[in-house]
Amino acid sequence: MNKLISTIFRLWASVSKIALLIYIAKYCNPSVNGEIVLYTITSSILVQILGIELHYINCRAMHRHSNEEHAQVLNNQFGFHLFSYLIVVVIFLVYSSIVELRFEYVLFLVIVLIEHLCMEYLRVLQFGSRFGEYSIGLFIKNGVWPILFILAFEAGYGNAPVILALLLWLLSTFISALYLSAETKKLYPKLMLTIKFSPSLIYKSACAATPFITTTLVSSIYTGLDKYVTSYFLGSEMLGIYTLFFSITSSIQIGFNAILGASYGPELLKALTLSQNSVYAYKKKFKFALIVYFAISFVALMIAIPILLSIIDKPEYEGYFICYTLLILFNFVQIISDLSNFELYTRNLDKASLMVNIISVLFAMIFIPAMIYLFGVIGTCIGMLGFVTFQYLNRMRACRYAK
């Protein structure tokens with residue numbers, strides 16, 4: 001598939017969510033945005049925990065083996081995931097027999113399970129350099145339901161906006177899973193078909209993935225910490241306001257992932273198999289592209305915010321320019337911090353990565369709530385920028401110390 005079309009698909013998949021939040025900000029109470037974002041961030045955290053990051057170990061193993069052995073590795077991974085889904089469903093059924101559950105919680109459970117399956121398929125396609133198929137699957141999963149929500153809302157079906165969002169999210173995720181499953185089967189025809197599962201290999205992989213699992217659990221704390229604490233101290237309406245600005249500025253990371261990030265990992269791993277000079281040449285080229293990208297995105301966002309606020313046309317969202325600026329800086333630092341973390345991964349410095357994340361989350365658990373308590377929503381932004389800067393400096397130190 002043409003690289004430009006692939007990039008457009010990836011961008012639209014994420015930009016449509018921002019468009020949805022802007023639309024909701026204009027036509028609904030800010031608390032609706034707050035509730036939807038709590039669902040999406042909780043889904044993201046649960047998907048990470050559910051996968052226990054086996055893909056990190058399996059990617060390393062697959063780089064050393066043939067396509068036939070790739071299918072074996074993946075079969076064991078998907079076998080483990082299917083078993084974990086069964087455990088989650090049983091726990092949920094037991095819990096539902098004790099406590100009366102709301103309908104949206106049932107929807108949300110199904111969404112999380114299918115979201116995780118989609119994520120694993122996407123990782124396989126990315127590993128196989130099937131960026132076109134990857135982009136289409138991501139577009140169906142993330143880019144369709146926000147548009148369907150807007151159309152349904154305009155048609156008069158917006159009486160229960162949160163449930164409407166969950167239903168359309170489930171529909172898009174299910175269709176994406178079907179598409180991604182078919183494309184993954186084309187890449188590995190024997191996937192989940194003829195090769196037997198190896199419980200011993202699953203166990204060994206899970207043990208080897210322990211540092212990644214712990215890192216993910218630690219990371220999950222600060223992934224949603226700002227949203228959960230903001231909701232607790234300031235309420236869902238203020239969370240909705242913060243979330244709008246956070247989502248708009250997150251377009252920096254969305255654009256980075258679509259334009260540069262999707263190919264960074266595979267290309268760097270490929271360079272590592274050649275020579276150190278190849279790694280140096282690729283990093284030099286990438287840094288230049290990153291600086292250009294940062295400059296363009298900063299100017300674009302500064303131009304965009306007054307236009308967006310005039311479209312929303314609600315006084316609740318006025319007077320938060322400092323939050324907007326701080327969140328732009330947060331996204332810049334987050335990108336370079338994640339790149340430093342990927343370097344730790346490529347050099348097999350898993351324990352160093354784990355220690356950095358543990359130290360960072362301990363800092364975040366104290367610093368972010370303190371800033372929110374003292375300065376309100378501006379404190380949320382200060383806390384996030386301070387946390388990610390602290391994390392980046394510690395990752396850089398770990399990289400240097402290991403040389």
# chains A, B, ... in the order shown; residues from 1 in each chain; ligands from 1
call {"tool": "residues_around", "arguments": {"residues": "Arg123 in chain A", "least_positions_apart": "4", "cutoff": "9 Å", "atoms": "only C-alpha atoms", "output": "list in words"}}
result
His55, Cys118, Met119, Phe127, Gly128 and Tyr134 of chain A
call {"tool": "write_last_selection", "arguments": {"atoms": "C-alpha atoms", "output": "JSON list (two decimals), in the first residue's frame"}}
result
[["chain", "number", "residue", "atom", "x", "y", "z"],
["A", 55, "HIS", "CA", 5.19, -9.58, 22.65],
["A", 118, "CYS", "CA", -6.68, -6.31, 18.14],
["A", 119, "MET", "CA", -3.57, -4.92, 19.79],
["A", 127, "PHE", "CA", 6.66, -6.80, 13.21],
["A", 128, "GLY", "CA", 6.03, -8.22, 9.75],
["A", 134, "TYR", "CA", -1.70, -2.25, 10.27]]
call {"tool": "select_by_dssp", "arguments": {"residues": "range 30-174 of chain A", "states": "alpha helix (DSSP H)", "output": "MDAnalysis selection string"}}
result
chainID A and resid 30:51 54:63 67:98 103:127 131:138 145:154 161:174
call {"tool": "atom_distance", "arguments": {"atom1": "CA of Ala13 in chain A", "atom2": "CA of Leu138 in chain A"}}
result
6.3 Å
call {"tool": "residues_around", "arguments": {"residues": "Ile175 in chain A", "least_positions_apart": "2", "cutoff": "12 Å", "atoms": "only C-alpha atoms", "output": "list in words"}}
result
Ile111, Ile114, Glu115, Leu117, Cys118, Ile136, Gly137, Leu138, Phe139, Ile140, Lys141, Asn142, Gly143, Val144, Trp145, Leu168, Trp169, Leu170, Leu171, Ser172, Thr173, Ala177, Leu178, Tyr179, Leu180, Ser181 and Ala182 of chain A
call {"tool": "residues_around", "arguments": {"residues": "Ser251 in chain A", "least_positions_apart": "2", "cutoff": "10 Å", "atoms": "only C-alpha atoms", "output": "list in words"}}
result
Leu11, Ser14, Val15, Ile18, Phe246, Ser247, Ile248, Thr249, Gln253, Ile254, Gly255, Phe256, Asn257, Ser297, Leu301, Ile328 and Asn331 of chain A
call {"tool": "atom_distance", "arguments": {"atom1": "CA of Lys17 in chain A", "atom2": "CA of Ser250 in chain A"}}
result
10.8 Å
call {"tool": "residues_around", "arguments": {"residues": "Asn357 in chain A", "least_positions_apart": "4", "cutoff": "12 Å", "atoms": "only C-alpha atoms", "output": "JSON, numbers by chain"}}
result
{"A": [211, 212, 213, 214, 215, 216, 217, 218, 219, 220, 221, 222, 223, 337, 338, 341, 344, 350, 351, 352, 353, 361, 362, 363, 364, 365, 387, 388, 390, 391, 392, 393, 394, 395, 398]}
call {"tool": "write_last_selection", "arguments": {"atoms": "C-alpha atoms", "output": "compact mmCIF listing (two decimals), in the first residue's frame"}}
result
# COMPACT_ATOMS: atom_id res chain seq x y z
CA PRO A 211 10.43 -7.32 34.01
CA PHE A 212 8.11 -6.06 31.25
CA ILE A 213 5.03 -7.13 33.21
CA THR A 214 6.24 -5.26 36.28
CA THR A 215 7.17 -2.24 34.17
CA THR A 216 3.69 -2.27 32.62
CA LEU A 217 1.98 -2.49 36.01
CA VAL A 218 4.09 0.41 37.24
CA SER A 219 3.48 2.39 34.05
CA SER A 220 -0.25 1.76 34.32
CA ILE A 221 -0.32 3.72 37.57
CA TYR A 222 0.88 6.97 36.04
CA THR A 223 -0.87 6.41 32.69
CA SER A 337 11.51 9.90 26.93
CA ASP A 338 9.82 7.00 25.12
CA ASN A 341 13.11 3.78 26.88
CA LEU A 344 17.00 0.50 26.89
CA ASP A 350 15.20 -4.56 31.11
CA LYS A 351 16.11 -4.25 34.78
CA ALA A 352 17.34 -0.68 34.29
CA SER A 353 14.08 0.20 32.53
CA VAL A 361 5.95 6.25 39.39
CA LEU A 362 6.81 6.80 43.06
CA PHE A 363 7.69 10.38 42.18
CA ALA A 364 4.47 10.75 40.14
CA MET A 365 2.26 9.37 42.93
CA PHE A 387 6.90 13.80 36.09
CA VAL A 388 7.80 13.11 32.46
CA PHE A 390 12.00 13.40 35.82
CA GLN A 391 11.40 10.12 33.98
CA TYR A 392 13.32 11.23 30.88
CA LEU A 393 16.37 12.35 32.88
CA ASN A 394 16.48 9.02 34.69
CA ARG A 395 16.16 7.05 31.43
CA ALA A 398 20.40 4.71 32.72
call {"tool": "residues_around", "arguments": {"residues": "Val37 in chain A", "least_positions_apart": "6", "cutoff": "9 Å", "atoms": "only C-alpha atoms", "output": "list in words"}}
result
Lys227, Leu239, Gly240 and Thr243 of chain A
call {"tool": "residues_around", "arguments": {"residues": "Asp226 in chain A", "least_positions_apart": "6", "cutoff": "10 Å", "atoms": "only C-alpha atoms", "output": "list of chain:residue names"}}
result
A:Tyr232, A:Leu239, A:Tyr242, A:Thr243, A:Ala364, A:Met365, A:Ile368, A:Pro369, A:Ile372, A:Val377, A:Gly379, A:Thr380, A:Cys381, A:Gly383, A:Met384
call {"tool": "write_last_selection", "arguments": {"atoms": "N, CA and C atoms", "output": "mmCIF file, in the first residue's frame"}}
result
data_model
loop_
_atom_site.group_PDB
_atom_site.id
_atom_site.type_symbol
_atom_site.label_atom_id
_atom_site.label_comp_id
_atom_site.auth_asym_id
_atom_site.auth_seq_id
_atom_site.Cartn_x
_atom_site.Cartn_y
_atom_site.Cartn_z
ATOM 1 N N TYR A 232 -11.090 12.876 41.041
ATOM 2 C CA TYR A 232 -11.345 12.755 42.479
ATOM 3 C C TYR A 232 -11.377 14.125 43.164
ATOM 4 N N LEU A 239 -12.450 17.420 34.848
ATOM 5 C CA LEU A 239 -11.709 16.388 34.125
ATOM 6 C C LEU A 239 -11.996 16.493 32.632
ATOM 7 N N TYR A 242 -9.959 19.430 31.256
ATOM 8 C CA TYR A 242 -8.542 19.050 31.162
ATOM 9 C C TYR A 242 -8.328 18.061 30.024
ATOM 10 N N THR A 243 -9.241 17.109 29.910
ATOM 11 C CA THR A 243 -9.120 16.074 28.897
ATOM 12 C C THR A 243 -9.158 16.647 27.485
ATOM 13 N N ALA A 364 5.749 10.287 40.695
ATOM 14 C CA ALA A 364 4.468 10.750 40.143
ATOM 15 C C ALA A 364 3.347 10.652 41.166
ATOM 16 N N MET A 365 3.335 9.587 41.953
ATOM 17 C CA MET A 365 2.263 9.370 42.933
ATOM 18 C C MET A 365 2.270 10.427 44.026
ATOM 19 N N ILE A 368 2.232 14.555 41.362
ATOM 20 C CA ILE A 368 1.038 14.933 40.604
ATOM 21 C C ILE A 368 -0.151 15.247 41.523
ATOM 22 N N PRO A 369 -0.497 14.354 42.489
ATOM 23 C CA PRO A 369 -1.606 14.713 43.395
ATOM 24 C C PRO A 369 -1.337 15.995 44.185
ATOM 25 N N ILE A 372 -2.022 18.930 41.897
ATOM 26 C CA ILE A 372 -3.462 19.079 41.661
ATOM 27 C C ILE A 372 -4.139 19.680 42.896
ATOM 28 N N VAL A 377 -6.446 22.415 38.196
ATOM 29 C CA VAL A 377 -6.184 21.794 36.901
ATOM 30 C C VAL A 377 -4.847 22.240 36.317
ATOM 31 N N GLY A 379 -2.280 22.619 38.109
ATOM 32 C CA GLY A 379 -1.372 21.721 38.821
ATOM 33 C C GLY A 379 -1.277 20.357 38.166
ATOM 34 N N THR A 380 -2.384 19.905 37.547
ATOM 35 C CA THR A 380 -2.342 18.638 36.807
ATOM 36 C C THR A 380 -1.309 18.720 35.692
ATOM 37 N N CYS A 381 -1.313 19.828 34.968
ATOM 38 C CA CYS A 381 -0.390 20.008 33.846
ATOM 39 C C CYS A 381 1.052 20.160 34.336
ATOM 40 N N GLY A 383 2.205 18.943 37.123
ATOM 41 C CA GLY A 383 2.581 17.625 37.617
ATOM 42 C C GLY A 383 2.987 16.683 36.501
ATOM 43 N N MET A 384 2.246 16.681 35.386
ATOM 44 C CA MET A 384 2.563 15.795 34.262
ATOM 45 C C MET A 384 3.887 16.170 33.611
#
call {"tool": "decode", "arguments": {"residues": "range 27-43 of chain A", "atoms": "N, CA and C atoms", "output": "short mmCIF file (atom, residue, chain, number, x, y, z; two decimals), in the first residue's frame"}}
result
data_model
loop_
_atom_site.label_atom_id
_atom_site.label_comp_id
_atom_site.auth_asym_id
_atom_site.auth_seq_id
_atom_site.Cartn_x
_atom_site.Cartn_y
_atom_site.Cartn_z
N TYR A 27 -21.45 20.23 22.34
CA TYR A 27 -22.87 19.90 22.44
C TYR A 27 -23.28 19.22 23.75
N CYS A 28 -22.31 18.82 24.56
CA CYS A 28 -22.64 18.12 25.82
C CYS A 28 -21.97 18.80 27.00
N ASN A 29 -22.36 18.39 28.18
CA ASN A 29 -21.71 18.84 29.40
C ASN A 29 -20.27 18.30 29.44
N PRO A 30 -19.31 19.08 29.97
CA PRO A 30 -17.92 18.59 30.05
C PRO A 30 -17.77 17.24 30.75
N SER A 31 -18.72 16.90 31.65
CA SER A 31 -18.62 15.64 32.38
C SER A 31 -18.73 14.43 31.45
N VAL A 32 -19.41 14.58 30.30
CA VAL A 32 -19.52 13.47 29.35
C VAL A 32 -18.15 13.12 28.79
N ASN A 33 -17.39 14.15 28.44
CA ASN A 33 -16.01 13.91 28.01
C ASN A 33 -15.21 13.22 29.10
N GLY A 34 -15.42 13.66 30.35
CA GLY A 34 -14.69 13.07 31.46
C GLY A 34 -14.99 11.59 31.61
N GLU A 35 -16.27 11.20 31.53
CA GLU A 35 -16.65 9.79 31.66
C GLU A 35 -16.08 8.94 30.52
N ILE A 36 -16.19 9.42 29.30
CA ILE A 36 -15.70 8.66 28.14
C ILE A 36 -14.20 8.47 28.24
N VAL A 37 -13.49 9.51 28.65
CA VAL A 37 -12.03 9.40 28.76
C VAL A 37 -11.63 8.43 29.86
N LEU A 38 -12.38 8.41 30.95
CA LEU A 38 -12.07 7.44 32.00
C LEU A 38 -12.22 6.01 31.48
N TYR A 39 -13.23 5.78 30.65
CA TYR A 39 -13.39 4.45 30.04
C TYR A 39 -12.21 4.13 29.12
N THR A 40 -11.83 5.08 28.27
CA THR A 40 -10.75 4.81 27.30
C THR A 40 -9.41 4.61 27.99
N ILE A 41 -9.12 5.40 29.02
CA ILE A 41 -7.83 5.27 29.69
C ILE A 41 -7.79 3.98 30.51
N THR A 42 -8.94 3.60 31.11
CA THR A 42 -9.00 2.35 31.85
C THR A 42 -8.84 1.16 30.90
N SER A 43 -9.45 1.25 29.72
CA SER A 43 -9.29 0.21 28.71
C SER A 43 -7.83 0.05 28.31
#
